[in-house]
>>> print(open('upload15.txt').read())   # compact mmCIF, C-alpha atoms
# COMPACT_ATOMS: atom_id res chain seq x y z
CA MET A 1 -83.65 41.39 6.35
CA GLU A 2 -79.89 41.01 6.58
CA GLN A 3 -78.61 37.56 5.60
CA ILE A 4 -76.02 35.93 7.87
CA TYR A 5 -74.21 32.94 6.40
CA LEU A 6 -73.11 30.47 9.09
CA ASP A 7 -72.79 27.35 6.94
CA GLN A 8 -69.11 27.64 6.05
CA ALA A 9 -68.48 23.93 6.72
CA SER A 10 -70.71 23.16 3.74
CA THR A 11 -69.13 25.67 1.38
CA SER A 12 -67.35 28.96 1.91
CA PHE A 13 -69.03 32.28 1.25
CA PRO A 14 -68.04 34.77 0.09
CA LYS A 15 -65.35 33.28 -2.11
CA ALA A 16 -61.88 34.74 -2.32
CA PRO A 17 -62.13 38.18 -3.98
CA SER A 18 -60.48 37.30 -7.28
CA VAL A 19 -62.27 33.99 -7.97
CA ALA A 20 -65.40 35.15 -9.79
CA ARG A 21 -63.40 37.56 -11.94
CA ALA A 22 -60.91 34.88 -12.98
CA VAL A 23 -63.65 32.40 -13.91
CA TYR A 24 -65.59 35.03 -15.84
CA GLU A 25 -62.54 36.21 -17.77
CA TYR A 26 -61.73 32.64 -18.77
CA LEU A 27 -65.27 31.75 -19.87
CA ASP A 28 -65.86 35.07 -21.61
CA GLY A 29 -62.46 35.55 -23.19
CA TYR A 30 -60.56 32.35 -23.95
CA ALA A 31 -62.53 29.24 -22.90
CA VAL A 32 -60.26 26.78 -24.69
CA ASN A 33 -59.23 23.27 -23.70
CA VAL A 34 -55.85 21.94 -22.50
CA ASN A 35 -53.69 19.22 -24.05
CA ARG A 36 -55.92 19.32 -27.11
CA GLY A 37 -54.96 22.48 -28.98
CA GLY A 38 -51.72 23.62 -30.61
CA TYR A 39 -52.24 27.35 -30.17
CA THR A 40 -51.17 30.06 -27.79
CA SER A 41 -54.33 30.41 -25.70
CA ALA A 42 -54.40 26.64 -25.06
CA TYR A 43 -50.82 26.80 -23.87
CA SER A 44 -51.64 29.71 -21.56
CA VAL A 45 -54.45 27.70 -19.91
CA GLU A 46 -52.09 24.76 -19.55
CA GLU A 47 -49.67 27.08 -17.77
CA ILE A 48 -52.37 28.05 -15.22
CA VAL A 49 -53.19 24.39 -14.61
CA TYR A 50 -49.51 23.67 -14.00
CA GLU A 51 -49.17 26.68 -11.69
CA THR A 52 -52.19 25.51 -9.69
CA ARG A 53 -50.53 22.12 -9.11
CA GLU A 54 -47.43 23.98 -7.94
CA GLN A 55 -49.49 26.14 -5.57
CA LEU A 56 -51.02 23.03 -4.01
CA CYS A 57 -47.56 21.52 -3.58
CA ARG A 58 -46.44 24.62 -1.71
CA LEU A 59 -49.56 24.66 0.45
CA PHE A 60 -49.30 21.02 1.49
CA HIS A 61 -45.47 20.74 1.46
CA PHE A 62 -45.42 18.13 -1.28
CA PRO A 63 -42.49 17.71 -3.69
CA GLU A 64 -43.94 16.67 -7.05
CA SER A 65 -46.55 18.68 -8.97
CA ARG A 66 -47.32 15.94 -11.49
CA ASN A 67 -48.60 13.86 -8.55
CA VAL A 68 -51.32 16.46 -7.94
CA ILE A 69 -54.49 15.04 -9.49
CA PHE A 70 -57.58 17.15 -10.15
CA THR A 71 -61.05 15.69 -9.50
CA GLY A 72 -64.47 17.14 -8.81
CA ASN A 73 -64.27 17.08 -5.01
CA VAL A 74 -63.00 15.22 -1.93
CA THR A 75 -65.56 12.45 -2.45
CA ALA A 76 -64.29 11.66 -5.95
CA SER A 77 -60.71 11.78 -4.68
CA LEU A 78 -61.38 9.34 -1.85
CA ASN A 79 -63.19 6.96 -4.20
CA ILE A 80 -60.25 6.95 -6.61
CA LEU A 81 -57.75 6.41 -3.81
CA LEU A 82 -59.62 3.71 -1.91
CA LYS A 83 -60.91 1.77 -4.91
CA GLY A 84 -57.59 2.12 -6.69
CA LEU A 85 -55.43 0.93 -3.81
CA LEU A 86 -57.47 -1.76 -2.06
CA LYS A 87 -57.77 -5.39 -3.11
CA LYS A 88 -59.61 -8.45 -1.84
CA GLY A 89 -58.38 -9.42 1.59
CA ASP A 90 -57.17 -5.94 2.54
CA HIS A 91 -58.16 -4.37 5.86
CA VAL A 92 -58.74 -0.67 6.54
CA LEU A 93 -58.84 1.39 9.73
CA VAL A 94 -61.07 4.46 9.97
CA SER A 95 -62.17 6.71 12.80
CA SER A 96 -65.71 6.45 14.14
CA MET A 97 -66.22 10.09 13.11
CA GLU A 98 -65.98 9.66 9.35
CA HIS A 99 -68.09 11.35 6.69
CA ASN A 100 -69.96 9.22 4.15
CA ALA A 101 -67.35 10.25 1.58
CA VAL A 102 -65.22 7.59 3.29
CA MET A 103 -67.84 5.25 4.71
CA ARG A 104 -69.93 4.66 1.59
CA PRO A 105 -66.97 3.64 -0.60
CA LEU A 106 -65.72 1.35 2.18
CA THR A 107 -69.17 -0.16 2.67
CA GLN A 108 -69.37 -0.72 -1.08
CA LEU A 109 -65.95 -2.41 -1.01
CA LEU A 110 -67.18 -4.96 1.53
CA GLU A 111 -68.71 -6.75 -1.47
CA GLU A 112 -65.19 -7.18 -2.88
CA GLY A 113 -63.79 -8.82 0.24
CA ILE A 114 -62.28 -5.67 1.74
CA THR A 115 -62.96 -5.13 5.45
CA PHE A 116 -62.69 -2.19 7.83
CA ASP A 117 -62.77 -1.45 11.55
CA ARG A 118 -63.59 1.82 13.27
CA ILE A 119 -61.12 3.35 15.71
CA PRO A 120 -63.30 4.46 18.63
CA CYS A 121 -63.65 8.12 19.49
CA MET A 122 -64.77 9.85 22.67
CA PRO A 123 -68.21 11.50 22.99
CA ASP A 124 -66.57 14.85 22.13
CA GLY A 125 -65.22 13.40 18.86
CA SER A 126 -61.61 12.97 20.06
CA LEU A 127 -59.89 9.90 18.64
CA CYS A 128 -58.71 7.21 21.09
CA ILE A 129 -55.16 7.15 19.76
CA SER A 130 -54.12 4.54 22.34
CA ARG A 131 -56.41 2.01 20.66
CA VAL A 132 -54.91 2.21 17.18
CA GLU A 133 -51.93 -0.14 17.39
CA SER A 134 -53.98 -2.96 18.89
CA MET A 135 -56.37 -2.76 15.92
CA ILE A 136 -53.66 -3.18 13.28
CA THR A 137 -53.65 -6.63 11.69
CA PRO A 138 -51.28 -8.27 9.20
CA ARG A 139 -53.85 -7.41 6.51
CA THR A 140 -54.19 -3.71 7.43
CA ARG A 141 -53.14 -1.78 4.36
CA VAL A 142 -54.72 1.67 4.76
CA LEU A 143 -55.69 4.03 7.55
CA VAL A 144 -58.01 6.77 6.31
CA CYS A 145 -59.15 9.61 8.54
CA LEU A 146 -60.67 13.06 8.38
CA HIS A 147 -58.55 15.90 9.68
CA ALA A 148 -61.43 17.60 11.48
CA SER A 149 -65.06 16.69 12.03
CA ASN A 150 -67.64 18.35 9.83
CA VAL A 151 -70.19 17.86 12.64
CA CYS A 152 -68.47 19.22 15.75
CA GLY A 153 -65.10 20.55 14.56
CA THR A 154 -62.91 18.22 16.64
CA ILE A 155 -59.39 17.96 15.18
CA MET A 156 -57.82 14.52 14.87
CA PRO A 157 -54.23 13.69 15.99
CA VAL A 158 -52.85 13.54 12.46
CA ARG A 159 -49.16 13.60 13.35
CA GLU A 160 -49.54 10.69 15.76
CA LEU A 161 -51.54 8.70 13.21
CA GLY A 162 -48.92 9.39 10.56
CA ARG A 163 -46.14 8.13 12.81
CA LEU A 164 -48.05 4.94 13.60
CA CYS A 165 -48.73 4.32 9.92
CA GLN A 166 -45.08 4.83 9.05
CA LYS A 167 -44.00 2.50 11.87
CA HIS A 168 -46.26 -0.31 10.64
CA GLY A 169 -45.92 0.24 6.89
CA ILE A 170 -49.55 1.33 6.45
CA THR A 171 -50.73 3.83 3.83
CA PHE A 172 -52.12 6.97 5.48
CA ILE A 173 -54.88 8.82 3.60
CA LEU A 174 -56.09 12.15 4.98
CA ASP A 175 -59.46 13.75 4.22
CA SER A 176 -58.78 17.49 4.47
CA ALA A 177 -62.29 18.67 3.52
CA GLN A 178 -62.66 20.80 6.67
CA THR A 179 -59.05 21.91 7.06
CA ALA A 180 -57.37 22.65 3.70
CA GLY A 181 -56.72 26.39 3.70
CA ILE A 182 -57.57 26.60 7.41
CA LEU A 183 -54.98 24.51 9.26
CA PRO A 184 -51.35 24.03 8.21
CA ILE A 185 -50.80 20.62 6.57
CA ASP A 186 -47.29 19.33 5.94
CA MET A 187 -47.52 16.00 4.14
CA GLU A 188 -43.87 15.17 4.70
CA GLU A 189 -43.79 16.04 8.40
CA MET A 190 -47.15 14.34 9.06
CA ASN A 191 -46.24 11.21 7.06
CA ILE A 192 -49.33 11.57 4.86
CA ASP A 193 -49.16 9.29 1.83
CA ALA A 194 -52.22 10.69 0.04
CA LEU A 195 -54.24 13.81 0.78
CA ALA A 196 -57.75 14.48 -0.57
CA PHE A 197 -58.83 18.12 -0.80
CA THR A 198 -61.68 20.23 -2.08
CA GLY A 199 -61.51 23.76 -3.43
CA HIS A 200 -64.82 25.18 -2.28
CA LYS A 201 -64.45 25.22 1.51
CA GLY A 202 -61.42 26.60 3.36
CA LEU A 203 -59.58 27.32 0.12
CA ARG A 204 -62.49 29.64 -0.83
CA GLY A 205 -62.56 28.54 -4.45
CA PRO A 206 -65.51 27.44 -6.61
CA GLN A 207 -67.54 24.28 -6.21
CA GLY A 208 -66.83 21.28 -8.42
CA ILE A 209 -63.05 21.28 -8.17
CA GLY A 210 -60.93 19.19 -5.83
CA GLY A 211 -58.25 16.59 -6.05
CA PHE A 212 -55.62 14.57 -4.31
CA LEU A 213 -51.86 14.50 -3.86
CA VAL A 214 -50.33 11.04 -3.83
CA LYS A 215 -46.82 9.79 -3.17
CA GLU A 216 -45.05 8.15 -6.09
CA GLU A 217 -44.62 4.79 -4.37
CA LEU A 218 -48.40 4.27 -4.33
CA VAL A 219 -49.05 5.14 -7.96
CA LYS A 220 -47.75 1.97 -9.61
CA ASN A 221 -50.23 -0.23 -7.72
CA MET A 222 -53.23 2.11 -8.06
CA LYS A 223 -55.88 1.12 -10.55
CA PRO A 224 -57.60 4.09 -12.30
CA LEU A 225 -61.31 4.37 -11.53
CA LEU A 226 -62.02 6.08 -14.89
CA SER A 227 -60.29 5.93 -18.25
CA GLY A 228 -60.53 7.81 -21.52
CA GLY A 229 -58.90 10.50 -23.60
CA THR A 230 -56.17 12.58 -22.02
CA GLY A 231 -54.75 14.44 -25.00
CA SER A 232 -51.52 12.49 -24.54
CA ILE A 233 -50.15 9.37 -26.31
CA SER A 234 -53.25 9.39 -28.52
CA HIS A 235 -51.77 6.68 -30.75
CA THR A 236 -52.61 4.00 -28.17
CA GLU A 237 -55.80 2.74 -26.53
CA GLU A 238 -53.93 1.86 -23.35
CA ILE A 239 -54.29 3.98 -20.21
CA PRO A 240 -51.24 6.23 -19.72
CA ASP A 241 -49.01 4.96 -16.93
CA PHE A 242 -47.66 8.42 -16.07
CA LEU A 243 -49.09 11.23 -13.97
CA PRO A 244 -51.26 13.19 -13.92
CA ASP A 245 -52.75 11.61 -17.07
CA LYS A 246 -53.26 8.18 -15.48
CA PHE A 247 -56.00 9.59 -13.22
CA GLU A 248 -57.26 12.59 -15.25
CA PRO A 249 -59.22 11.31 -18.27
CA GLY A 250 -61.53 13.63 -20.18
CA THR A 251 -61.77 17.40 -20.21
CA PRO A 252 -61.00 18.78 -16.73
CA ASN A 253 -63.07 21.40 -14.94
CA LEU A 254 -61.02 24.29 -16.26
CA PRO A 255 -63.23 27.09 -14.88
CA GLY A 256 -62.91 25.38 -11.49
CA ILE A 257 -59.13 25.03 -11.74
CA ILE A 258 -58.78 28.66 -12.83
CA GLY A 259 -61.02 29.76 -9.94
CA LEU A 260 -58.97 27.61 -7.55
CA HIS A 261 -55.77 29.15 -8.93
CA ALA A 262 -57.15 32.60 -8.12
CA ALA A 263 -58.18 31.48 -4.61
CA LEU A 264 -54.76 29.98 -3.91
CA SER A 265 -53.08 33.14 -5.23
CA ASP A 266 -55.19 35.13 -2.79
CA LEU A 267 -54.12 32.81 0.04
CA GLU A 268 -50.45 33.32 -0.91
CA ASN A 269 -50.80 37.10 -1.27
CA ARG A 270 -48.91 38.89 1.51
CA ASN A 271 -51.35 41.81 1.26
CA THR A 272 -54.31 39.67 2.34
CA PRO A 273 -54.87 38.00 5.74
CA SER A 274 -52.69 34.94 6.24
CA MET A 275 -54.11 31.49 6.83
CA GLU A 276 -53.02 31.74 10.46
CA ASP A 277 -54.71 35.13 10.91
CA MET A 278 -57.95 33.84 9.39
CA PHE A 279 -57.91 30.80 11.65
CA LEU A 280 -57.32 32.94 14.75
CA HIS A 281 -60.27 35.12 13.73
CA GLU A 282 -62.49 32.06 13.25
CA MET A 283 -61.44 30.72 16.66
CA HIS A 284 -62.24 34.08 18.25
CA LEU A 285 -65.74 33.88 16.80
CA THR A 286 -66.07 30.26 17.92
CA ASP A 287 -65.08 31.20 21.47
CA GLN A 288 -67.58 34.07 21.42
CA PHE A 289 -70.33 31.72 20.25
CA LEU A 290 -69.55 28.97 22.77
CA SER A 291 -69.39 31.48 25.62
CA GLY A 292 -72.66 32.99 24.48
CA LEU A 293 -74.36 29.61 24.35
CA ARG A 294 -73.29 28.81 27.92
CA ALA A 295 -74.53 32.21 29.11
CA LEU A 296 -77.79 31.69 27.25
CA ASP A 297 -78.52 28.41 29.01
CA PRO A 298 -76.28 27.95 32.08
CA THR A 299 -78.31 25.00 33.40
CA GLY A 300 -78.23 23.04 30.13
CA ASN A 301 -82.00 22.56 30.10
CA VAL A 302 -82.63 24.25 26.75
CA LEU A 303 -79.71 23.32 24.55
CA ARG A 304 -76.78 20.92 24.42
CA ILE A 305 -73.39 21.87 22.98
CA ILE A 306 -71.94 18.95 21.03
CA GLY A 307 -68.23 18.13 20.96
CA ARG A 308 -65.44 19.86 22.80
CA PRO A 309 -66.52 22.56 25.27
CA ASP A 310 -63.87 25.11 24.26
CA THR A 311 -61.69 26.05 21.27
CA SER A 312 -58.86 23.59 21.98
CA ARG A 313 -58.29 20.99 19.26
CA ARG A 314 -61.23 22.16 17.17
CA CYS A 315 -62.00 24.23 14.10
CA ALA A 316 -64.81 26.76 13.66
CA VAL A 317 -67.70 24.27 13.59
CA VAL A 318 -70.23 24.17 16.45
CA SER A 319 -73.21 21.84 16.66
CA ILE A 320 -76.05 22.08 19.16
CA GLN A 321 -79.19 20.19 20.00
CA THR A 322 -82.27 22.13 21.08
CA LEU A 323 -83.85 20.14 23.90
CA GLN A 324 -87.27 21.75 24.08
CA LYS A 325 -87.73 22.84 20.46
CA ASP A 326 -87.74 20.73 17.30
CA MET A 327 -84.38 21.34 15.64
CA ALA A 328 -85.74 21.56 12.12
CA GLU A 329 -88.23 24.17 13.29
CA ALA A 330 -85.52 26.10 15.13
CA ALA A 331 -83.31 26.12 12.03
CA TRP A 332 -86.29 27.22 9.90
CA LEU A 333 -87.01 30.09 12.30
CA LEU A 334 -83.36 31.15 12.28
CA ASP A 335 -83.55 31.39 8.51
CA THR A 336 -87.00 32.84 7.90
CA GLN A 337 -87.24 35.25 10.83
CA TYR A 338 -83.60 36.22 11.37
CA GLY A 339 -81.85 35.53 8.05
CA ILE A 340 -79.37 33.14 9.70
CA MET A 341 -78.30 30.24 7.50
CA THR A 342 -77.24 27.01 9.23
CA ARG A 343 -77.44 23.30 8.49
CA VAL A 344 -79.68 20.91 10.41
CA GLY A 345 -79.71 17.11 10.34
CA LEU A 346 -77.07 14.37 10.12
CA HIS A 347 -74.57 16.19 7.85
CA CYS A 348 -73.79 13.08 5.75
CA ALA A 349 -72.02 11.64 8.80
CA PRO A 350 -74.22 9.14 10.65
CA ALA A 351 -71.15 7.45 12.17
CA ALA A 352 -70.08 10.73 13.74
CA HIS A 353 -73.53 11.33 15.16
CA ARG A 354 -73.58 7.85 16.69
CA THR A 355 -70.24 8.59 18.33
CA LEU A 356 -71.42 11.96 19.60
CA GLY A 357 -74.73 10.57 20.89
CA THR A 358 -76.79 12.71 18.52
CA TYR A 359 -78.13 9.96 16.24
CA PRO A 360 -80.78 9.81 14.78
CA LEU A 361 -81.97 13.36 15.50
CA GLY A 362 -78.80 15.12 14.38
CA THR A 363 -77.89 18.69 15.27
CA ILE A 364 -78.08 22.30 14.16
CA ARG A 365 -74.62 23.20 12.89
CA PHE A 366 -73.12 26.69 12.94
CA SER A 367 -69.82 27.17 11.11
CA PHE A 368 -67.79 30.34 10.72
CA GLY A 369 -65.41 31.75 8.13
CA PRO A 370 -62.98 34.64 7.77
CA GLU A 371 -65.65 37.07 6.58
CA ASN A 372 -68.02 36.49 9.51
CA THR A 373 -68.06 39.13 12.24
CA GLU A 374 -68.60 39.47 15.98
CA ASP A 375 -71.87 41.30 15.29
CA GLU A 376 -73.13 38.33 13.25
CA ILE A 377 -72.28 35.91 16.05
CA GLN A 378 -74.10 38.08 18.55
CA MET A 379 -77.14 38.29 16.27
CA ALA A 380 -77.18 34.49 16.06
CA LEU A 381 -77.04 34.25 19.86
CA ASP A 382 -79.82 36.83 20.23
CA ALA A 383 -81.95 34.92 17.72
CA LEU A 384 -81.43 31.64 19.58
CA LYS A 385 -82.47 33.36 22.81
CA GLN A 386 -85.68 34.58 21.20
CA ILE A 387 -86.45 31.16 19.73
CA LEU A 388 -85.48 28.95 22.66
CA ILE A 389 -85.87 30.87 25.92
>>> encode(input="upload15.txt", output="structure tokens")
Amino acid sequence: MEQIYLDQASTSFPKAPSVARAVYEYLDGYAVNVNRGGYTSAYSVEEIVYETREQLCRLFHFPESRNVIFTGNVTASLNILLKGLLKKGDHVLVSSMEHNAVMRPLTQLLEEGITFDRIPCMPDGSLCISRVESMITPRTRVLVCLHASNVCGTIMPVRELGRLCQKHGITFILDSAQTAGILPIDMEEMNIDALAFTGHKGLRGPQGIGGFLVKEELVKNMKPLLSGGTGSISHTEEIPDFLPDKFEPGTPNLPGIIGLHAALSDLENRNTPSMEDMFLHEMHLTDQFLSGLRALDPTGNVLRIIGRPDTSRRCAVVSIQTLQKDMAEAAWLLDTQYGIMTRVGLHCAPAAHRTLGTYPLGTIRFSFGPENTEDEIQMALDALKQILI
């Protein structure tokens, strides 16, 4: 049975063509450390790490590569940013569509006297931008928001949020988990103060590598979440006060960074599809899928499409509820009988599901990538017809 992977919002597959080869060559041929060896191969790895920071600066239009910090993923990045910046008495604004990568750290910080309010969103996931200014208080220090929903694909008004944050002197943190490598992000133009990214989704790199880019004016007041050896200023037991060392203790995930470097090189390669071309392809598949769902059930008695009804202001993530069939069973049948891989449940985003009216049952989520095809979308639609109609 042919396998059809439609869970790209969880992690991309297949990875960029050169990723596996780069990781293998490093592990098999010269798996040395950085900042801890005075020999040629160590310096060559350090060069790749530096180049990867530069690649990320180019991708996100950010000026300073030493302010690119590597972590394990978006979740680690958001924890470091939020727990490093916020202090007792501070207030935070978030959207009502946030992933638990934001909401669990903020809920944990309630114990330290830090509060938050949720900017309301519409039932299709769209943020009520007109409500933001009235929710800003004298204690509001940070606005943190995802760029696009991992549940329904709705894209947030990042430029407008950035302008409001700049106007009121609020730090703007963007969670780009669903958009890095998919949508253009210009940190300067969008007034983004800190951007959290992961390597294993739209960037098509390996799992276990992510990071954040942070403006210099925030760094002085950020407390490191972790501390330890960095290979620099080893004569002192104090935490380095310079970047990236201040936030990168211990041995980094070098296979992950090298894999990410290969993925970013592929994204920059003029001989491969551009980010814009890949996004247009994904939107074409999304439109095909949405149109097929409406044709499958024109009366809306069998399934419910969650989020925006078309491809405007959305990325290639589509959630549905099956109204006459248990969703877990439907997802199981898609997998076991048709080889179609999806994700069913609450997607680590209960707040989003409450906003969308899909809590506590959740949804079946279909998400598409640059390697998916029209034939695969049609096979998914045909399978849903067999299961539901």
>>> residues_around(input="upload15.txt", residues="range 305-308 of chain A", least_positions_apart="3", cutoff="9 Å", atoms="all atoms listed in the file", output="list of chain:residue names")
A:Pro123, A:Asp124, A:Gly125, A:Ser126, A:Val151, A:Cys152, A:Gly153, A:Thr154, A:Leu290, A:Leu293, A:Arg294, A:Gly300, A:Thr311, A:Ser312, A:Arg313, A:Arg314, A:Val318, A:Ser319, A:Ile320, A:Gln321, A:Leu356, A:Gly357, A:Thr358, A:Thr363
>>> closest_atom_pairs(input="upload15.txt", of="range 267-365 of chain A", to="range 11-14 of chain A", cutoff="12 Å", atoms="only C-alpha atoms", output="JSON lines")
{"residue": "A:Met341", "atom": "CA", "partner": "A:Phe13", "partner_atom": "CA", "distance": 11.4}
{"residue": "A:Thr342", "atom": "CA", "partner": "A:Thr11", "partner_atom": "CA", "distance": 11.4}
{"residue": "A:Arg343", "atom": "CA", "partner": "A:Thr11", "partner_atom": "CA", "distance": 11.2}
>>> residues_around(input="upload15.txt", residues="Asp382 in chain A", least_positions_apart="3", cutoff="12 Å", atoms="all atoms listed in the file", output="list in words")
Phe289, Gly292, Leu293, Ala295, Leu296, Leu334, Tyr338, Ile340, Asp375, Glu376, Ile377, Gln378, Met379, Lys385, Gln386, Ile387, Leu388 and Ile389 of chain A
>>> residues_around(input="upload15.txt", residues="Ile80 in chain A", least_positions_apart="3", cutoff="12 Å", atoms="only C-alpha atoms", output="PDB file with C-alpha atoms, in the coordinates of the input")
ATOM      1  CA  ILE A  69     -54.490  15.040  -9.490  1.00  0.00           C
ATOM      2  CA  PHE A  70     -57.580  17.150 -10.150  1.00  0.00           C
ATOM      3  CA  THR A  71     -61.050  15.690  -9.500  1.00  0.00           C
ATOM      4  CA  GLY A  72     -64.470  17.140  -8.810  1.00  0.00           C
ATOM      5  CA  ASN A  73     -64.270  17.080  -5.010  1.00  0.00           C
ATOM      6  CA  VAL A  74     -63.000  15.220  -1.930  1.00  0.00           C
ATOM      7  CA  THR A  75     -65.560  12.450  -2.450  1.00  0.00           C
ATOM      8  CA  ALA A  76     -64.290  11.660  -5.950  1.00  0.00           C
ATOM      9  CA  SER A  77     -60.710  11.780  -4.680  1.00  0.00           C
ATOM     10  CA  LYS A  83     -60.910   1.770  -4.910  1.00  0.00           C
ATOM     11  CA  GLY A  84     -57.590   2.120  -6.690  1.00  0.00           C
ATOM     12  CA  LEU A  85     -55.430   0.930  -3.810  1.00  0.00           C
ATOM     13  CA  LEU A  86     -57.470  -1.760  -2.060  1.00  0.00           C
ATOM     14  CA  ALA A 101     -67.350  10.250   1.580  1.00  0.00           C
ATOM     15  CA  VAL A 102     -65.220   7.590   3.290  1.00  0.00           C
ATOM     16  CA  PRO A 105     -66.970   3.640  -0.600  1.00  0.00           C
ATOM     17  CA  LEU A 106     -65.720   1.350   2.180  1.00  0.00           C
ATOM     18  CA  ILE A 173     -54.880   8.820   3.600  1.00  0.00           C
ATOM     19  CA  ALA A 194     -52.220  10.690   0.040  1.00  0.00           C
ATOM     20  CA  LEU A 195     -54.240  13.810   0.780  1.00  0.00           C
ATOM     21  CA  ALA A 196     -57.750  14.480  -0.570  1.00  0.00           C
ATOM     22  CA  GLY A 211     -58.250  16.590  -6.050  1.00  0.00           C
ATOM     23  CA  PHE A 212     -55.620  14.570  -4.310  1.00  0.00           C
ATOM     24  CA  LEU A 213     -51.860  14.500  -3.860  1.00  0.00           C
ATOM     25  CA  VAL A 214     -50.330  11.040  -3.830  1.00  0.00           C
ATOM     26  CA  VAL A 219     -49.050   5.140  -7.960  1.00  0.00           C
ATOM     27  CA  MET A 222     -53.230   2.110  -8.060  1.00  0.00           C
ATOM     28  CA  LYS A 223     -55.880   1.120 -10.550  1.00  0.00           C
ATOM     29  CA  PRO A 224     -57.600   4.090 -12.300  1.00  0.00           C
ATOM     30  CA  LEU A 225     -61.310   4.370 -11.530  1.00  0.00           C
ATOM     31  CA  LEU A 226     -62.020   6.080 -14.890  1.00  0.00           C
ATOM     32  CA  SER A 227     -60.290   5.930 -18.250  1.00  0.00           C
ATOM     33  CA  LYS A 246     -53.260   8.180 -15.480  1.00  0.00           C
ATOM     34  CA  PHE A 247     -56.000   9.590 -13.220  1.00  0.00           C
ATOM     35  CA  GLU A 248     -57.260  12.590 -15.250  1.00  0.00           C
TER      36      GLU A 248
END
>>> atom_distance(input="upload15.txt", atom1="CA of Cys128 in chain A", atom2="CA of Ser96 in chain A")
9.9 Å
>>> closest_residue(input="upload15.txt", among="A:Cys348, A:Leu333, A:Leu164, A:Ile182", to="Gln8 in chain A", atoms="all atoms listed in the file")
A:Ile182
>>> atom_distance(input="upload15.txt", atom1="CA of Ile364 in chain A", atom2="CA of Lys201 in chain A")
18.8 Å
>>> build_atoms(input="upload15.txt", residues="range 88-99 of chain A", atoms="N, CA, C and O atoms", output="PDB file, in the coordinates of the input")
ATOM      1  N   LYS A  88     -58.973  -7.422  -2.665  1.00  0.00           N
ATOM      2  CA  LYS A  88     -59.610  -8.450  -1.840  1.00  0.00           C
ATOM      3  C   LYS A  88     -58.655  -8.937  -0.752  1.00  0.00           C
ATOM      4  O   LYS A  88     -57.489  -9.221  -1.003  1.00  0.00           O
ATOM      5  N   GLY A  89     -59.179  -8.986   0.458  1.00  0.00           N
ATOM      6  CA  GLY A  89     -58.380  -9.420   1.590  1.00  0.00           C
ATOM      7  C   GLY A  89     -57.765  -8.289   2.381  1.00  0.00           C
ATOM      8  O   GLY A  89     -57.289  -8.501   3.506  1.00  0.00           O
ATOM      9  N   ASP A  90     -57.756  -7.070   1.831  1.00  0.00           N
ATOM     10  CA  ASP A  90     -57.170  -5.940   2.540  1.00  0.00           C
ATOM     11  C   ASP A  90     -58.080  -5.489   3.685  1.00  0.00           C
ATOM     12  O   ASP A  90     -59.309  -5.651   3.641  1.00  0.00           O
ATOM     13  N   HIS A  91     -57.453  -4.890   4.681  1.00  0.00           N
ATOM     14  CA  HIS A  91     -58.160  -4.370   5.860  1.00  0.00           C
ATOM     15  C   HIS A  91     -57.846  -2.891   6.009  1.00  0.00           C
ATOM     16  O   HIS A  91     -56.722  -2.454   5.759  1.00  0.00           O
ATOM     17  N   VAL A  92     -58.863  -2.124   6.423  1.00  0.00           N
ATOM     18  CA  VAL A  92     -58.740  -0.670   6.540  1.00  0.00           C
ATOM     19  C   VAL A  92     -59.138  -0.249   7.954  1.00  0.00           C
ATOM     20  O   VAL A  92     -60.066  -0.811   8.545  1.00  0.00           O
ATOM     21  N   LEU A  93     -58.441   0.745   8.483  1.00  0.00           N
ATOM     22  CA  LEU A  93     -58.840   1.390   9.730  1.00  0.00           C
ATOM     23  C   LEU A  93     -59.371   2.780   9.427  1.00  0.00           C
ATOM     24  O   LEU A  93     -58.783   3.519   8.621  1.00  0.00           O
ATOM     25  N   VAL A  94     -60.484   3.129  10.078  1.00  0.00           N
ATOM     26  CA  VAL A  94     -61.070   4.460   9.970  1.00  0.00           C
ATOM     27  C   VAL A  94     -61.435   4.939  11.368  1.00  0.00           C
ATOM     28  O   VAL A  94     -61.555   4.131  12.287  1.00  0.00           O
ATOM     29  N   SER A  95     -61.656   6.223  11.524  1.00  0.00           N
ATOM     30  CA  SER A  95     -62.170   6.710  12.800  1.00  0.00           C
ATOM     31  C   SER A  95     -63.682   6.514  12.826  1.00  0.00           C
ATOM     32  O   SER A  95     -64.321   6.325  11.790  1.00  0.00           O
ATOM     33  N   SER A  96     -64.240   6.568  14.013  1.00  0.00           N
ATOM     34  CA  SER A  96     -65.710   6.450  14.140  1.00  0.00           C
ATOM     35  C   SER A  96     -66.406   7.768  13.873  1.00  0.00           C
ATOM     36  O   SER A  96     -67.612   7.889  14.082  1.00  0.00           O
ATOM     37  N   MET A  97     -65.655   8.768  13.377  1.00  0.00           N
ATOM     38  CA  MET A  97     -66.220  10.090  13.110  1.00  0.00           C
ATOM     39  C   MET A  97     -66.317  10.390  11.613  1.00  0.00           C
ATOM     40  O   MET A  97     -66.569  11.527  11.226  1.00  0.00           O
ATOM     41  N   GLU A  98     -66.138   9.388  10.768  1.00  0.00           N
ATOM     42  CA  GLU A  98     -65.980   9.660   9.350  1.00  0.00           C
ATOM     43  C   GLU A  98     -67.266  10.118   8.651  1.00  0.00           C
ATOM     44  O   GLU A  98     -68.376   9.740   9.013  1.00  0.00           O
ATOM     45  N   HIS A  99     -67.057  10.906   7.619  1.00  0.00           N
ATOM     46  CA  HIS A  99     -68.090  11.350   6.690  1.00  0.00           C
ATOM     47  C   HIS A  99     -68.425  10.213   5.732  1.00  0.00           C
ATOM     48  O   HIS A  99     -67.628   9.298   5.535  1.00  0.00           O
TER      49      HIS A  99
END
